[in-house]
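The data block below is data_33.json; it holds JSON, N, CA and C atoms.
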```
[["chain", "number", "residue", "atom", "x", "y", "z"],
["Q", 1, "MET", "N", 0.84, -1.18, 0.00],
["Q", 1, "MET", "CA", 0.00, 0.00, 0.00],
["Q", 1, "MET", "C", 0.89, 1.24, 0.00],
["Q", 2, "ALA", "N", 0.54, 2.19, -0.84],
["Q", 2, "ALA", "CA", 1.28, 3.45, -0.90],
["Q", 2, "ALA", "C", 0.89, 4.34, 0.28],
["Q", 3, "THR", "N", 1.86, 5.05, 0.79],
["Q", 3, "THR", "CA", 1.58, 5.98, 1.87],
["Q", 3, "THR", "C", 1.19, 7.32, 1.26],
["Q", 4, "ALA", "N", 0.02, 7.79, 1.64],
["Q", 4, "ALA", "CA", -0.46, 9.06, 1.12],
["Q", 4, "ALA", "C", 0.12, 10.21, 1.92],
["Q", 5, "TYR", "N", 0.33, 11.30, 1.24],
["Q", 5, "TYR", "CA", 0.79, 12.51, 1.91],
["Q", 5, "TYR", "C", -0.38, 13.05, 2.72],
["Q", 6, "ASP", "N", -0.14, 13.43, 3.96],
["Q", 6, "ASP", "CA", -1.21, 13.86, 4.85],
["Q", 6, "ASP", "C", -1.44, 15.36, 4.77],
["Q", 7, "TYR", "N", -2.18, 15.78, 3.76],
["Q", 7, "TYR", "CA", -2.50, 17.20, 3.61],
["Q", 7, "TYR", "C", -3.41, 17.67, 4.73],
["Q", 8, "ALA", "N", -4.16, 16.76, 5.35],
["Q", 8, "ALA", "CA", -5.08, 17.14, 6.42],
["Q", 8, "ALA", "C", -4.33, 17.67, 7.64],
["Q", 9, "GLY", "N", -3.04, 17.36, 7.74],
["Q", 9, "GLY", "CA", -2.25, 17.86, 8.85],
["Q", 9, "GLY", "C", -1.83, 19.32, 8.69],
["Q", 10, "PHE", "N", -2.09, 19.89, 7.52],
["Q", 10, "PHE", "CA", -1.72, 21.28, 7.27],
["Q", 10, "PHE", "C", -2.60, 22.21, 8.11],
["Q", 11, "ALA", "N", -2.01, 23.25, 8.66],
["Q", 11, "ALA", "CA", -2.78, 24.28, 9.38],
["Q", 11, "ALA", "C", -3.43, 25.23, 8.39],
["Q", 12, "SER", "N", -2.76, 25.46, 7.27],
["Q", 12, "SER", "CA", -3.31, 26.29, 6.20],
["Q", 12, "SER", "C", -2.91, 25.66, 4.88],
["Q", 13, "PRO", "N", -3.62, 26.00, 3.80],
["Q", 13, "PRO", "CA", -3.30, 25.38, 2.51],
["Q", 13, "PRO", "C", -1.89, 25.69, 2.03],
["Q", 14, "ALA", "N", -1.36, 24.78, 1.23],
["Q", 14, "ALA", "CA", -0.08, 25.04, 0.56],
["Q", 14, "ALA", "C", -0.25, 26.29, -0.30],
["Q", 15, "PRO", "N", 0.82, 27.03, -0.52],
["Q", 15, "PRO", "CA", 0.72, 28.26, -1.30],
["Q", 15, "PRO", "C", 0.13, 28.03, -2.70],
["Q", 16, "HIS", "N", -0.64, 29.00, -3.14],
["Q", 16, "HIS", "CA", -1.18, 29.00, -4.51],
["Q", 16, "HIS", "C", -0.01, 29.28, -5.46],
["Q", 17, "PRO", "N", -0.01, 28.68, -6.65],
["Q", 17, "PRO", "CA", 1.08, 28.94, -7.60],
["Q", 17, "PRO", "C", 1.23, 30.43, -7.94],
["Q", 18, "GLY", "N", 0.14, 31.16, -7.88],
["Q", 18, "GLY", "CA", 0.21, 32.59, -8.14],
["Q", 18, "GLY", "C", 1.08, 33.32, -7.14],
["Q", 19, "GLU", "N", 1.14, 32.81, -5.92],
["Q", 19, "GLU", "CA", 2.01, 33.41, -4.91],
["Q", 19, "GLU", "C", 3.47, 33.26, -5.32],
["Q", 20, "TYR", "N", 3.84, 32.11, -5.84],
["Q", 20, "TYR", "CA", 5.21, 31.91, -6.31],
["Q", 20, "TYR", "C", 5.53, 32.86, -7.46],
["Q", 21, "LEU", "N", 4.59, 32.99, -8.39],
["Q", 21, "LEU", "CA", 4.81, 33.92, -9.49],
["Q", 21, "LEU", "C", 4.99, 35.35, -8.98],
["Q", 22, "ARG", "N", 4.07, 35.78, -8.13],
["Q", 22, "ARG", "CA", 4.06, 37.15, -7.61],
["Q", 22, "ARG", "C", 5.28, 37.46, -6.75],
["Q", 23, "GLU", "N", 5.65, 36.53, -5.88],
["Q", 23, "GLU", "CA", 6.71, 36.80, -4.90],
["Q", 23, "GLU", "C", 8.11, 36.44, -5.39],
["Q", 24, "ASP", "N", 8.22, 35.43, -6.23],
["Q", 24, "ASP", "CA", 9.54, 34.95, -6.63],
["Q", 24, "ASP", "C", 9.89, 35.24, -8.09],
["Q", 25, "TYR", "N", 9.02, 34.84, -9.00],
["Q", 25, "TYR", "CA", 9.37, 34.91, -10.41],
["Q", 25, "TYR", "C", 9.27, 36.31, -11.01],
["Q", 26, "LEU", "N", 8.16, 37.00, -10.81],
["Q", 26, "LEU", "CA", 8.03, 38.32, -11.42],
["Q", 26, "LEU", "C", 9.13, 39.28, -10.96],
["Q", 27, "PRO", "N", 9.39, 39.38, -9.64],
["Q", 27, "PRO", "CA", 10.47, 40.29, -9.23],
["Q", 27, "PRO", "C", 11.86, 39.85, -9.71],
["Q", 28, "SER", "N", 12.14, 38.56, -9.65],
["Q", 28, "SER", "CA", 13.47, 38.06, -10.06],
["Q", 28, "SER", "C", 13.77, 38.35, -11.52],
["Q", 29, "TYR", "N", 12.72, 38.27, -12.35],
["Q", 29, "TYR", "CA", 12.90, 38.50, -13.78],
["Q", 29, "TYR", "C", 12.51, 39.92, -14.19],
["Q", 30, "LYS", "N", 12.16, 40.75, -13.19],
["Q", 30, "LYS", "CA", 11.74, 42.13, -13.44],
["Q", 30, "LYS", "C", 10.60, 42.19, -14.46],
["Q", 31, "LEU", "N", 9.57, 41.37, -14.20],
["Q", 31, "LEU", "CA", 8.43, 41.27, -15.10],
["Q", 31, "LEU", "C", 7.18, 41.86, -14.47],
["Q", 32, "THR", "N", 6.29, 42.34, -15.31],
["Q", 32, "THR", "CA", 4.93, 42.69, -14.92],
["Q", 32, "THR", "C", 4.03, 41.59, -15.45],
["Q", 33, "ALA", "N", 2.77, 41.62, -15.04],
["Q", 33, "ALA", "CA", 1.82, 40.64, -15.58],
["Q", 33, "ALA", "C", 1.75, 40.76, -17.09],
["Q", 34, "GLY", "N", 1.76, 41.98, -17.60],
["Q", 34, "GLY", "CA", 1.69, 42.19, -19.04],
["Q", 34, "GLY", "C", 2.91, 41.69, -19.78],
["Q", 35, "SER", "N", 4.09, 41.96, -19.24],
["Q", 35, "SER", "CA", 5.30, 41.49, -19.92],
["Q", 35, "SER", "C", 5.44, 39.97, -19.87],
["Q", 36, "LEU", "N", 4.99, 39.36, -18.76],
["Q", 36, "LEU", "CA", 5.00, 37.90, -18.70],
["Q", 36, "LEU", "C", 4.00, 37.33, -19.69],
["Q", 37, "ALA", "N", 2.83, 37.91, -19.77],
["Q", 37, "ALA", "CA", 1.82, 37.43, -20.72],
["Q", 37, "ALA", "C", 2.37, 37.49, -22.15],
["Q", 38, "ARG", "N", 3.02, 38.59, -22.50],
["Q", 38, "ARG", "CA", 3.61, 38.71, -23.84],
["Q", 38, "ARG", "C", 4.67, 37.64, -24.07],
["Q", 39, "ALA", "N", 5.52, 37.43, -23.07],
["Q", 39, "ALA", "CA", 6.58, 36.41, -23.20],
["Q", 39, "ALA", "C", 5.98, 35.02, -23.38],
["Q", 40, "MET", "N", 4.79, 34.81, -22.79],
["Q", 40, "MET", "CA", 4.11, 33.51, -22.88],
["Q", 40, "MET", "C", 3.28, 33.37, -24.15],
["Q", 41, "GLY", "N", 3.22, 34.43, -24.95],
["Q", 41, "GLY", "CA", 2.45, 34.37, -26.19],
["Q", 41, "GLY", "C", 0.96, 34.55, -25.99],
["Q", 42, "LEU", "N", 0.58, 35.19, -24.89],
["Q", 42, "LEU", "CA", -0.85, 35.42, -24.61],
["Q", 42, "LEU", "C", -1.27, 36.77, -25.20],
["Q", 43, "ARG", "N", -2.54, 36.86, -25.55],
["Q", 43, "ARG", "CA", -3.05, 38.09, -26.16],
["Q", 43, "ARG", "C", -3.24, 39.22, -25.16],
["Q", 44, "ASP", "N", -3.58, 38.87, -23.92],
["Q", 44, "ASP", "CA", -3.72, 39.91, -22.89],
["Q", 44, "ASP", "C", -3.20, 39.38, -21.57],
["Q", 45, "ARG", "N", -3.16, 40.26, -20.60],
["Q", 45, "ARG", "CA", -2.55, 39.92, -19.31],
["Q", 45, "ARG", "C", -3.55, 39.41, -18.29],
["Q", 46, "ALA", "N", -4.83, 39.29, -18.64],
["Q", 46, "ALA", "CA", -5.87, 38.93, -17.68],
["Q", 46, "ALA", "C", -5.59, 37.59, -16.99],
["Q", 47, "ARG", "N", -5.15, 36.60, -17.73],
["Q", 47, "ARG", "CA", -4.88, 35.29, -17.13],
["Q", 47, "ARG", "C", -3.80, 35.40, -16.06],
["Q", 48, "ILE", "N", -2.75, 36.14, -16.36],
["Q", 48, "ILE", "CA", -1.65, 36.28, -15.41],
["Q", 48, "ILE", "C", -2.08, 37.12, -14.22],
["Q", 49, "GLU", "N", -2.84, 38.17, -14.46],
["Q", 49, "GLU", "CA", -3.33, 38.99, -13.34],
["Q", 49, "GLU", "C", -4.21, 38.17, -12.40],
["Q", 50, "ARG", "N", -5.10, 37.34, -12.96],
["Q", 50, "ARG", "CA", -5.95, 36.49, -12.12],
["Q", 50, "ARG", "C", -5.11, 35.46, -11.37],
["Q", 51, "LEU", "N", -4.10, 34.96, -12.02],
["Q", 51, "LEU", "CA", -3.22, 33.96, -11.40],
["Q", 51, "LEU", "C", -2.46, 34.55, -10.22],
["Q", 52, "VAL", "N", -1.85, 35.71, -10.40],
["Q", 52, "VAL", "CA", -1.06, 36.29, -9.30],
["Q", 52, "VAL", "C", -1.96, 36.81, -8.17],
["Q", 53, "ARG", "N", -3.24, 37.08, -8.47],
["Q", 53, "ARG", "CA", -4.19, 37.45, -7.41],
["Q", 53, "ARG", "C", -4.81, 36.20, -6.78],
["Q", 54, "GLU", "N", -4.36, 35.02, -7.24],
["Q", 54, "GLU", "CA", -4.83, 33.73, -6.72],
["Q", 54, "GLU", "C", -6.32, 33.52, -6.96],
["Q", 55, "LYS", "N", -6.81, 34.04, -8.08],
["Q", 55, "LYS", "CA", -8.21, 33.90, -8.47],
["Q", 55, "LYS", "C", -8.38, 32.88, -9.58],
["Q", 56, "GLN", "N", -7.29, 32.36, -10.09],
["Q", 56, "GLN", "CA", -7.33, 31.38, -11.17],
["Q", 56, "GLN", "C", -6.32, 30.28, -10.90],
["Q", 57, "ALA", "N", -6.68, 29.08, -11.26],
["Q", 57, "ALA", "CA", -5.78, 27.93, -11.12],
["Q", 57, "ALA", "C", -4.86, 27.83, -12.33],
["Q", 58, "ILE", "N", -3.76, 27.14, -12.13],
["Q", 58, "ILE", "CA", -2.86, 26.82, -13.24],
["Q", 58, "ILE", "C", -3.54, 25.77, -14.10],
["Q", 59, "THR", "N", -3.66, 26.03, -15.38],
["Q", 59, "THR", "CA", -4.18, 25.05, -16.33],
["Q", 59, "THR", "C", -2.99, 24.35, -17.00],
["Q", 60, "ALA", "N", -3.28, 23.28, -17.72],
["Q", 60, "ALA", "CA", -2.21, 22.59, -18.45],
["Q", 60, "ALA", "C", -1.54, 23.55, -19.43],
["Q", 61, "ASP", "N", -2.33, 24.36, -20.13],
["Q", 61, "ASP", "CA", -1.76, 25.31, -21.09],
["Q", 61, "ASP", "C", -0.86, 26.32, -20.38],
["Q", 62, "THR", "N", -1.32, 26.85, -19.27],
["Q", 62, "THR", "CA", -0.52, 27.82, -18.52],
["Q", 62, "THR", "C", 0.76, 27.17, -18.01],
["Q", 63, "ALA", "N", 0.67, 25.94, -17.51],
["Q", 63, "ALA", "CA", 1.86, 25.23, -17.03],
["Q", 63, "ALA", "C", 2.88, 25.04, -18.14],
["Q", 64, "LEU", "N", 2.42, 24.68, -19.32],
["Q", 64, "LEU", "CA", 3.33, 24.51, -20.46],
["Q", 64, "LEU", "C", 4.01, 25.82, -20.83],
["Q", 65, "ARG", "N", 3.25, 26.90, -20.84],
["Q", 65, "ARG", "CA", 3.81, 28.20, -21.19],
["Q", 65, "ARG", "C", 4.78, 28.72, -20.13],
["Q", 66, "LEU", "N", 4.41, 28.59, -18.85],
["Q", 66, "LEU", "CA", 5.30, 29.02, -17.78],
["Q", 66, "LEU", "C", 6.60, 28.22, -17.79],
["Q", 67, "ALA", "N", 6.48, 26.92, -18.02],
["Q", 67, "ALA", "CA", 7.67, 26.06, -18.08],
["Q", 67, "ALA", "C", 8.61, 26.52, -19.19],
["Q", 68, "ARG", "N", 8.04, 26.85, -20.32],
["Q", 68, "ARG", "CA", 8.86, 27.30, -21.45],
["Q", 68, "ARG", "C", 9.55, 28.62, -21.15],
["Q", 69, "VAL", "N", 8.81, 29.57, -20.60],
["Q", 69, "VAL", "CA", 9.34, 30.90, -20.32],
["Q", 69, "VAL", "C", 10.42, 30.86, -19.24],
["Q", 70, "PHE", "N", 10.18, 30.08, -18.18],
["Q", 70, "PHE", "CA", 11.10, 30.08, -17.04],
["Q", 70, "PHE", "C", 12.07, 28.89, -17.04],
["Q", 71, "ASP", "N", 12.05, 28.09, -18.11],
["Q", 71, "ASP", "CA", 12.94, 26.93, -18.23],
["Q", 71, "ASP", "C", 12.80, 25.99, -17.03],
["Q", 72, "THR", "N", 11.53, 25.72, -16.70],
["Q", 72, "THR", "CA", 11.21, 24.74, -15.67],
["Q", 72, "THR", "C", 10.48, 23.60, -16.37],
["Q", 73, "THR", "N", 9.67, 22.87, -15.65],
["Q", 73, "THR", "CA", 8.85, 21.83, -16.26],
["Q", 73, "THR", "C", 7.38, 22.15, -16.03],
["Q", 74, "PRO", "N", 6.51, 21.68, -16.92],
["Q", 74, "PRO", "CA", 5.08, 21.88, -16.69],
["Q", 74, "PRO", "C", 4.63, 21.17, -15.41],
["Q", 75, "GLU", "N", 5.27, 20.06, -15.10],
["Q", 75, "GLU", "CA", 4.92, 19.32, -13.88],
["Q", 75, "GLU", "C", 5.17, 20.15, -12.63],
["Q", 76, "PHE", "N", 6.22, 20.96, -12.63],
["Q", 76, "PHE", "CA", 6.49, 21.84, -11.50],
["Q", 76, "PHE", "C", 5.28, 22.72, -11.21],
["Q", 77, "TRP", "N", 4.76, 23.36, -12.24],
["Q", 77, "TRP", "CA", 3.64, 24.29, -12.06],
["Q", 77, "TRP", "C", 2.35, 23.56, -11.72],
["Q", 78, "ILE", "N", 2.09, 22.45, -12.39],
["Q", 78, "ILE", "CA", 0.87, 21.67, -12.11],
["Q", 78, "ILE", "C", 0.94, 21.12, -10.69],
["Q", 79, "ASN", "N", 2.10, 20.65, -10.27],
["Q", 79, "ASN", "CA", 2.23, 20.09, -8.92],
["Q", 79, "ASN", "C", 2.02, 21.15, -7.85],
["Q", 80, "LEU", "N", 2.43, 22.39, -8.10],
["Q", 80, "LEU", "CA", 2.13, 23.46, -7.15],
["Q", 80, "LEU", "C", 0.61, 23.62, -7.01],
["Q", 81, "GLN", "N", -0.09, 23.57, -8.15],
["Q", 81, "GLN", "CA", -1.55, 23.71, -8.11],
["Q", 81, "GLN", "C", -2.20, 22.53, -7.40],
["Q", 82, "VAL", "N", -1.74, 21.33, -7.71],
["Q", 82, "VAL", "CA", -2.30, 20.12, -7.09],
["Q", 82, "VAL", "C", -2.09, 20.15, -5.58],
["Q", 83, "ALA", "N", -0.90, 20.51, -5.12],
["Q", 83, "ALA", "CA", -0.63, 20.58, -3.68],
["Q", 83, "ALA", "C", -1.56, 21.60, -3.02],
["Q", 84, "HIS", "N", -1.76, 22.73, -3.66],
["Q", 84, "HIS", "CA", -2.66, 23.76, -3.13],
["Q", 84, "HIS", "C", -4.09, 23.22, -3.04],
["Q", 85, "ASP", "N", -4.57, 22.63, -4.13],
["Q", 85, "ASP", "CA", -5.94, 22.13, -4.18],
["Q", 85, "ASP", "C", -6.17, 21.00, -3.18],
["Q", 86, "LEU", "N", -5.24, 20.05, -3.12],
["Q", 86, "LEU", "CA", -5.38, 18.93, -2.19],
["Q", 86, "LEU", "C", -5.35, 19.39, -0.74],
["Q", 87, "SER", "N", -4.46, 20.31, -0.43],
["Q", 87, "SER", "CA", -4.38, 20.78, 0.96],
["Q", 87, "SER", "C", -5.64, 21.54, 1.36],
["Q", 88, "LYS", "N", -6.19, 22.35, 0.46],
["Q", 88, "LYS", "CA", -7.45, 23.06, 0.76],
["Q", 88, "LYS", "C", -8.59, 22.06, 0.99],
["Q", 89, "ALA", "N", -8.69, 21.07, 0.11],
["Q", 89, "ALA", "CA", -9.77, 20.08, 0.23],
["Q", 89, "ALA", "C", -9.61, 19.25, 1.50],
["Q", 90, "ALA", "N", -8.38, 18.83, 1.81],
["Q", 90, "ALA", "CA", -8.14, 18.00, 2.99],
["Q", 90, "ALA", "C", -8.44, 18.77, 4.27],
["Q", 91, "ILE", "N", -8.09, 20.04, 4.31],
["Q", 91, "ILE", "CA", -8.36, 20.85, 5.50],
["Q", 91, "ILE", "C", -9.86, 21.02, 5.69],
["Q", 92, "SER", "N", -10.57, 21.30, 4.60],
["Q", 92, "SER", "CA", -12.01, 21.53, 4.74],
["Q", 92, "SER", "C", -12.79, 20.24, 5.05],
["Q", 93, "ALA", "N", -12.26, 19.09, 4.68],
["Q", 93, "ALA", "CA", -12.95, 17.82, 4.93],
["Q", 93, "ALA", "C", -12.22, 16.98, 5.98],
["Q", 94, "ARG", "N", -11.43, 17.62, 6.82],
["Q", 94, "ARG", "CA", -10.59, 16.92, 7.79],
["Q", 94, "ARG", "C", -11.35, 15.88, 8.61],
["Q", 95, "GLU", "N", -12.46, 16.26, 9.22],
["Q", 95, "GLU", "CA", -13.22, 15.33, 10.08],
["Q", 95, "GLU", "C", -13.83, 14.19, 9.27],
["Q", 96, "GLU", "N", -14.40, 14.51, 8.12],
["Q", 96, "GLU", "CA", -15.01, 13.46, 7.29],
["Q", 96, "GLU", "C", -13.97, 12.47, 6.80],
["Q", 97, "LEU", "N", -12.80, 12.96, 6.41],
["Q", 97, "LEU", "CA", -11.75, 12.06, 5.94],
["Q", 97, "LEU", "C", -11.21, 11.18, 7.06],
["Q", 98, "ALA", "N", -11.12, 11.72, 8.27],
["Q", 98, "ALA", "CA", -10.63, 10.95, 9.41],
["Q", 98, "ALA", "C", -11.57, 9.80, 9.75],
["Q", 99, "ALA", "N", -12.84, 9.95, 9.44],
["Q", 99, "ALA", "CA", -13.83, 8.91, 9.74],
["Q", 99, "ALA", "C", -13.82, 7.77, 8.73],
["Q", 100, "ILE", "N", -13.15, 7.94, 7.61],
["Q", 100, "ILE", "CA", -13.09, 6.90, 6.57],
["Q", 100, "ILE", "C", -12.02, 5.88, 6.93],
["Q", 101, "LYS", "N", -12.41, 4.62, 6.96],
["Q", 101, "LYS", "CA", -11.49, 3.54, 7.27],
["Q", 101, "LYS", "C", -11.02, 2.88, 5.98],
["Q", 102, "PRO", "N", -9.73, 2.64, 5.83],
["Q", 102, "PRO", "CA", -9.21, 1.98, 4.63],
["Q", 102, "PRO", "C", -9.78, 0.56, 4.52],
["Q", 103, "LEU", "N", -10.02, 0.14, 3.30],
["Q", 103, "LEU", "CA", -10.49, -1.22, 3.05],
["Q", 103, "LEU", "C", -9.29, -2.15, 2.90],
["Q", 104, "ALA", "N", -9.50, -3.39, 3.25],
["Q", 104, "ALA", "CA", -8.47, -4.40, 3.06],
["Q", 104, "ALA", "C", -8.87, -5.29, 1.88],
["Q", 105, "ALA", "N", -7.90, -5.64, 1.06],
["Q", 105, "ALA", "CA", -8.17, -6.52, -0.07],
["Q", 105, "ALA", "C", -8.53, -7.93, 0.43],
["Q", 106, "ALA", "N", -9.41, -8.59, -0.29],
["Q", 106, "ALA", "CA", -9.83, -9.93, 0.12],
["Q", 106, "ALA", "C", -8.78, -10.96, -0.18]]
```
Could the structure of this file be written out as structure tokens, please?
Amino acid sequence: MATAYDYAGFASPAPHPGEYLREDYLPSYKLTAGSLARAMGLRDRARIERLVREKQAITADTALRLARVFDTTPEFWINLQVAHDLSKAAISAREELAAIKPLAAA
């Protein structure tokens, strides 16, 4: 049996990927939402603005574009989103999840 990561133990959700963009990437590269959007080949900056305000999730398309621009991997960006989403869900359903008992194979 695989050991699951216990997101329910988090006091608060894992950071939203937009926080990483806003706090680490944009300042390090001296980018604005508009200049990042242009570098990513987007028509406008709305997607990036929503992302850095933590109002939008990373999509597969956004992950691919961010990976290309910052020379990372799309998995890096998607995994940030997944960790955020799982930790939020686990925290909000903490009691219900604790009541679920694992099944044993016959």
query: In Å, how far is it from CA of Ala46 (chain Q) to CA of Arg68 (chain Q)?
result: 19.1 Å
field: Residues within 8 Å of Thr59 (chain Q), all atoms listed in the file, excluding chain neighbours under 3 positions, as a ChimeraX atom specification
entry: /Q:56,62-65,77-78,81
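In this model, the gap between CA of Leu97 (chain Q) and CA of Gly9 (chain Q) comes to 11.5 Å.
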task: Would you please extract all alpha helix (DSSP H) residues from chain Q, as assigned by DSSP on the backbone, and give them as a ChimeraX atom specification?
output: /Q:17-20,26-28,33-39,46-52,60-70,74-92,94-98
task: Can you work out the spacing between atom C of Ala14 (chain Q) and CA of Ala83 (chain Q) in Å, to one decimal?
output: 6.6 Å
message: Set the distance at 12 Å and use only C-alpha atoms: which residues neighbour region 18-32 of chain Q once local chain neighbours fewer than 6 positions away are removed? I'd like the list as number ranges by chain.
response: Q: 38-40, 45-59, 62-63, 66-67, 69-72, 76-78, 80-81, 84
Hey, can I get the axis-aligned box for region 96-101 of chain Q? All listed atoms, 8 Å padding on each side, centre and edge lengths in Å to one decimal, as JSON.
```
{"center_x": -12.8, "center_y": 8.7, "center_z": 7.8, "size_x": 20.4, "size_y": 27.6, "size_z": 19.8}
```
- prompt: If you count all atoms listed in the file, which residues fall within 8 Å of Lys88 (chain Q), apart from same-chain ones fewer than 5 positions away, as number ranges by chain?
  reply: Q: 7-8, 12-14, 82-83, 93-94
